[in-house]
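Q: Before I ask anything, let me first share the structure, which is written out below as structure tokens.
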Amino acid sequence: MKSVLKIALGIIAALGGFLDIGDIVFTTQAGALYRYDLLWAVVLGVVGIAIYAEMCGRVAAVTGRPVFDVIRMRMGFGLGLVALVASTFVNVLTVAAELGGLAIVLQLLFDAEYSLFVVLATVGLVIVVALLPFGGIERVFGYCGLLMLVFIATAIHQGPDWGEVAHGFVPSLSDSKLYLYFVVGVFAAALMPYEVHFYSSGAVEEGWDESNLRENRLNAIVGYALGGILACSLIVVSGFLFHPVGVDPTDLGTAALPAQGAFGETGLLLALGGILFCVGGAAIDSSFAASYNLAQFLGWEWGRYRGPKKAPRFTVSWLVFLALAVMIALSGINPVEITEYSVVLAVVALPLTYFPILMIAGDRSFMREHANGMVSTTLGWLYFAVIVVLALAAIPLLLMTNGGGG
Amino acid sequence: MRDEGEIFVVHRLLDEQILDSDGKRCGRVDDIELRGSPPRITAVLVGEALYPRRLPKRLRHLARRLAGPERWGANALRVPWEEFDEIGATLRLRRKAEELGLGEGDDPERWMVRRLPWN
């Protein structure tokens with residue numbers, strides 16, 4: 001019973017932490033531009049992250065190996081280095097996007113300069129990481145991120161034509177390049193690899209073994225399904241409110257407005273609070289993912305639980321990645337643009353990390369009876385094909401649409 | 001090595017994480033030394049100086065310039081095969097990393113991390 005409760009709490013925390021700046025930016029814009037038409041792309045992405053996370057969690061539990069340990073083993077030094085460099089670049093960009101997002105939300109709540117808030121947000125996160133024990137941090141951000149549930153309440157309150165909403169779950173393509181760009185963006189935002197790399201490293205740190213496989217499967221299926229509902233509600237509320245009037249929400253603050261429309265000042269504060277905790281949690285996860293990847297690839301000692309004295313290179317690299325991200329966030333590039341680049345480039349880098357995981361998850365010499373069965377193998381390869389197609393389409397679409405600018 | 005059985009050297013040994021007798025992570029198998037005929041594994045090589053030669057030929061020259069031994073010192077260690085205890089799920093040493101000079105990069109004195117507030 002106790003373990004059921006623990007799993008449930010874990011899933012709730014994961015639900016609160018599912019959304020990040022990429023989801024918020026892409027779903028709000030997708031709703032405004034295409035109303036409910038892109039809901040299916042959320043589902044496609046959520047199933048993808050569930051498959052990837054389930055495999056990574058299972059590999060971590062059975063072999064004790066996190067993602068970049070596997071990448072170094074299976075791809076060797078040269079090709080693995082390509083995966084590491086690409087992932088690290090995307091991770092740092094993601095951290096910059098999350099820090100920029102934090103600063104924008106803080107600007108809406110308190111009146112001061114954007115750059116001041118970037119620095120304050122970063123210092124705040126370092127203090128939180130320094131002072132709170134790690135399980136605690138995840139839970140605080142996860143539970144507070146549940147404020148995002150206000151978007152589901154908003155969707156119900158708005159009372160959209162549910163038939164039309166349901167129709168959005170039927171996949172549809174068009175020859176509009178901007179539409180295809182948003183298919184890639186909404187998909188990729190749901191399938192941000194740093195979340196999975198962070199998850200698999202956390203599983204190794206917590207000493208997962210075969211007894212955690214059920215928890216792993218529940219996390220992947222239930223956790224991401226619930227997270228997907230939240231992402232869908234962002235599309236629905238934005239589509240309901242912004243699409244008819246043709247608002248183009250290029251500002252992050254616009255994402256919170258539907259909650260204000262439905263529940264007034266309280267709704268707005270709940271929404272901004274939810275965004276703050278989701279994005280703050282994501283900044284921590286993505287920055288640690290960067291250090292995890294580097295340390296695992298090079299064979300350094302790593303781990304949040306070990307602390308800086310036992311894992312100094314890991315800790316120092318974390319501070320360096322954070323500093324790089326601050327510089328990008330302060331470079332004057334619009335944070336919404338940084339977000340779009342981080343999300344679209346993440347899917348470009350994804351095949352390089354997904355493939356070795358798919359290989360090892362199916363390798364009986366490592367996984368024994370827990371290797372991919374028929375269903376996992378089929379789904380795993382199917383999604384590898386989907387990811388490769390989207391990765392190949394991503395950069396041309398990014399360039400042709402001028403970064404979604406049309 | 002306790003076990004004299006067969007292993008797939010590239011599949012199982014090259015690039016593997018090395019743990020010391022305390023379970024501390026202290027580098028990866030960056031290269032493998034074979035001697036004799038028929039060849040037998042005599043040592044495992046570890047260190048940043050080995051990275052350039054793990055890259056494709058065209059990139060090696062550039063990598064040496066950026067991160068090669070000339071710039072960073074010839075940081076490569078030879079760990080005799082006898083120092084390893086088991087190659088099962090993990091690759092473990094019989095001794096502590098410090099005794100073999102491994103994992104020196106994770107010496108906290110090098111990084112001033114003692115001054116960080118969350119120690």
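Identifiers in the structure tokens: chain A, B, ... in order shown; residue index from 1 per chain; ligand index from 1 in order shown.
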Up to 12 Å from chain B, what residues of chain A turn up? Count only C-alpha atoms and give them as an NGL selection string.
A: :A and (62-66 or 68-82 or 126-134 or 295-317 or 319 or 360 or 363 or 365-368)
Q: With only C-alpha atoms as the counted atoms, please give the residues lying no more than 7 Å from Arg78 (chain B), apart from itself and same-chain residues fewer than 5 positions off, as JSON, numbers by chain.
A: {"B": [43, 44, 45, 46]}
Q: Taking only C-alpha atoms into account, name the residue in A:Ser176, A:Thr27, A:Thr122, A:Ser291 that is nearest to Val92 (chain A).
A: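 Using only C-alpha atoms, Val92 (chain A) sits closest to A:Ser291.
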Q: So that I can check the surroundings of Arg217 (chain A), please list as a PyMOL selection string every protein, DNA and RNA residue that reaches within 10 Å of it, counting only C-alpha atoms and ignoring chain neighbours fewer than 6 positions away.
A: chain A and resi 50-51+53-55+57-58+223
Q: Store the residues picked out above in a file with C-alpha atoms, as a PDB file, in the first residue's frame.
A:
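Done, and the output landed in selection08.pdb:
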ATOM      1  CA  ALA A  50       6.339   7.413 -22.907  1.00  0.00           C
ATOM      2  CA  ILE A  51       8.066   4.809 -25.109  1.00  0.00           C
ATOM      3  CA  ALA A  53      11.169   7.006 -21.037  1.00  0.00           C
ATOM      4  CA  GLU A  54       9.916   3.470 -20.428  1.00  0.00           C
ATOM      5  CA  MET A  55      12.920   2.007 -22.275  1.00  0.00           C
ATOM      6  CA  GLY A  57      13.905   3.634 -17.128  1.00  0.00           C
ATOM      7  CA  ARG A  58      13.903  -0.118 -17.762  1.00  0.00           C
ATOM      8  CA  GLY A 223       2.322  10.019 -15.822  1.00  0.00           C
TER       9      GLY A 223
END
Q: Run DSSP on the backbone and give me the residues of chain B it puts in helix (DSSP H, G or I), as a PyMOL selection string.
A: chain B and resi 9-13+48-50+52-54+57-67+69-72+81-83+97-100+104-106+108-111+113-115
Q: Kindly export the residues of the current selection with N, CA and C atoms, as a short mmCIF file (atom, residue, chain, number, x, y, z; two decimals), in the first residue's frame.
A:
data_model
loop_
_atom_site.label_atom_id
_atom_site.label_comp_id
_atom_site.auth_asym_id
_atom_site.auth_seq_id
_atom_site.Cartn_x
_atom_site.Cartn_y
_atom_site.Cartn_z
N VAL B 9 35.48 -8.18 -26.72
CA VAL B 9 36.25 -7.05 -26.23
C VAL B 9 35.61 -5.70 -26.58
N VAL B 10 35.21 -5.55 -27.83
CA VAL B 10 34.66 -4.25 -28.22
C VAL B 10 33.22 -4.11 -27.71
N HIS B 11 32.49 -5.18 -27.76
CA HIS B 11 31.09 -5.13 -27.34
C HIS B 11 30.98 -4.89 -25.84
N ARG B 12 31.86 -5.51 -25.09
CA ARG B 12 31.67 -5.57 -23.65
C ARG B 12 32.70 -4.74 -22.86
N LEU B 13 33.89 -4.56 -23.41
CA LEU B 13 34.96 -3.96 -22.61
C LEU B 13 35.31 -2.54 -23.04
N GLU B 48 42.37 11.35 -20.96
CA GLU B 48 41.96 12.28 -22.01
C GLU B 48 42.90 12.25 -23.21
N ALA B 49 44.19 11.96 -22.97
CA ALA B 49 45.15 11.99 -24.06
C ALA B 49 44.82 10.95 -25.13
N LEU B 50 43.96 9.98 -24.79
CA LEU B 50 43.62 8.93 -25.75
C LEU B 50 42.44 9.33 -26.63
N PRO B 52 41.87 11.84 -28.83
CA PRO B 52 42.05 12.14 -30.26
C PRO B 52 42.12 10.90 -31.13
N ARG B 53 42.79 9.85 -30.65
CA ARG B 53 42.94 8.70 -31.55
C ARG B 53 41.67 7.85 -31.62
N ARG B 54 40.65 8.18 -30.84
CA ARG B 54 39.38 7.51 -30.97
C ARG B 54 38.51 8.15 -32.05
N LYS B 57 40.13 9.71 -38.72
CA LYS B 57 41.46 10.23 -39.08
C LYS B 57 41.49 11.74 -39.33
N ARG B 58 40.51 12.20 -40.12
CA ARG B 58 40.51 13.61 -40.51
C ARG B 58 40.42 14.55 -39.32
N LEU B 59 39.74 14.09 -38.28
CA LEU B 59 39.51 14.95 -37.13
C LEU B 59 40.63 14.87 -36.10
N ARG B 60 41.45 13.82 -36.23
CA ARG B 60 42.45 13.55 -35.21
C ARG B 60 43.41 14.71 -35.01
N HIS B 61 43.85 15.26 -36.16
CA HIS B 61 44.83 16.33 -36.10
C HIS B 61 44.26 17.53 -35.34
N LEU B 62 43.04 17.90 -35.71
CA LEU B 62 42.36 19.03 -35.07
C LEU B 62 42.17 18.76 -33.59
N ALA B 63 41.76 17.52 -33.28
CA ALA B 63 41.50 17.17 -31.89
C ALA B 63 42.77 17.25 -31.06
N ARG B 64 43.90 16.82 -31.66
CA ARG B 64 45.17 16.89 -30.94
C ARG B 64 45.54 18.33 -30.61
N ARG B 65 45.25 19.21 -31.59
CA ARG B 65 45.57 20.62 -31.38
C ARG B 65 44.72 21.20 -30.26
N LEU B 66 43.44 20.81 -30.24
CA LEU B 66 42.52 21.38 -29.26
C LEU B 66 42.70 20.74 -27.88
N ALA B 67 42.89 19.43 -27.87
CA ALA B 67 42.84 18.74 -26.58
C ALA B 67 43.92 17.68 -26.45
N PRO B 69 47.81 15.84 -26.09
CA PRO B 69 48.78 15.80 -25.00
C PRO B 69 49.69 17.03 -24.98
N GLU B 70 49.97 17.63 -26.18
CA GLU B 70 50.85 18.79 -26.21
C GLU B 70 50.27 19.91 -25.36
N ARG B 71 48.95 20.01 -25.40
CA ARG B 71 48.29 21.12 -24.72
C ARG B 71 47.99 20.80 -23.25
N TRP B 72 47.55 19.60 -23.01
CA TRP B 72 47.06 19.27 -21.68
C TRP B 72 47.96 18.32 -20.90
N TRP B 81 45.86 -5.46 -16.49
CA TRP B 81 44.64 -6.28 -16.50
C TRP B 81 44.42 -6.98 -15.15
N GLU B 82 45.55 -7.29 -14.47
CA GLU B 82 45.45 -7.99 -13.19
C GLU B 82 44.76 -7.15 -12.12
N GLU B 83 44.70 -5.84 -12.33
CA GLU B 83 44.08 -4.98 -11.32
C GLU B 83 42.56 -5.11 -11.30
N ALA B 97 40.75 3.74 -6.46
CA ALA B 97 41.18 4.50 -7.63
C ALA B 97 42.46 5.28 -7.35
N GLU B 98 42.58 5.88 -6.17
CA GLU B 98 43.73 6.75 -5.86
C GLU B 98 45.04 5.97 -5.94
N GLU B 99 45.01 4.72 -5.53
CA GLU B 99 46.23 3.92 -5.54
C GLU B 99 46.76 3.72 -6.95
N LEU B 100 45.88 3.79 -7.93
CA LEU B 100 46.29 3.59 -9.31
C LEU B 100 46.39 4.92 -10.06
N GLU B 104 41.65 11.20 -10.72
CA GLU B 104 42.24 12.35 -10.04
C GLU B 104 41.50 13.64 -10.34
N GLY B 105 40.83 13.66 -11.50
CA GLY B 105 40.05 14.84 -11.86
C GLY B 105 38.92 15.10 -10.89
N ASP B 106 38.51 14.07 -10.16
CA ASP B 106 37.43 14.25 -9.18
C ASP B 106 37.97 14.47 -7.77
N PRO B 108 38.48 16.76 -4.94
CA PRO B 108 37.82 18.03 -4.61
C PRO B 108 38.80 19.19 -4.43
N GLU B 109 40.04 18.88 -4.04
CA GLU B 109 41.01 19.96 -3.83
C GLU B 109 41.27 20.73 -5.12
N ARG B 110 41.13 20.03 -6.24
CA ARG B 110 41.40 20.67 -7.51
C ARG B 110 40.38 21.73 -7.87
N TRP B 111 39.22 21.60 -7.33
CA TRP B 111 38.10 22.40 -7.86
C TRP B 111 37.58 23.44 -6.88
N VAL B 113 35.74 23.10 -4.62
CA VAL B 113 34.32 22.88 -4.34
C VAL B 113 34.03 22.84 -2.84
N ARG B 114 35.09 22.73 -2.04
CA ARG B 114 34.85 22.72 -0.60
C ARG B 114 34.19 24.00 -0.14
N ARG B 115 34.40 25.06 -0.92
CA ARG B 115 33.84 26.35 -0.51
C ARG B 115 32.38 26.48 -0.89
#
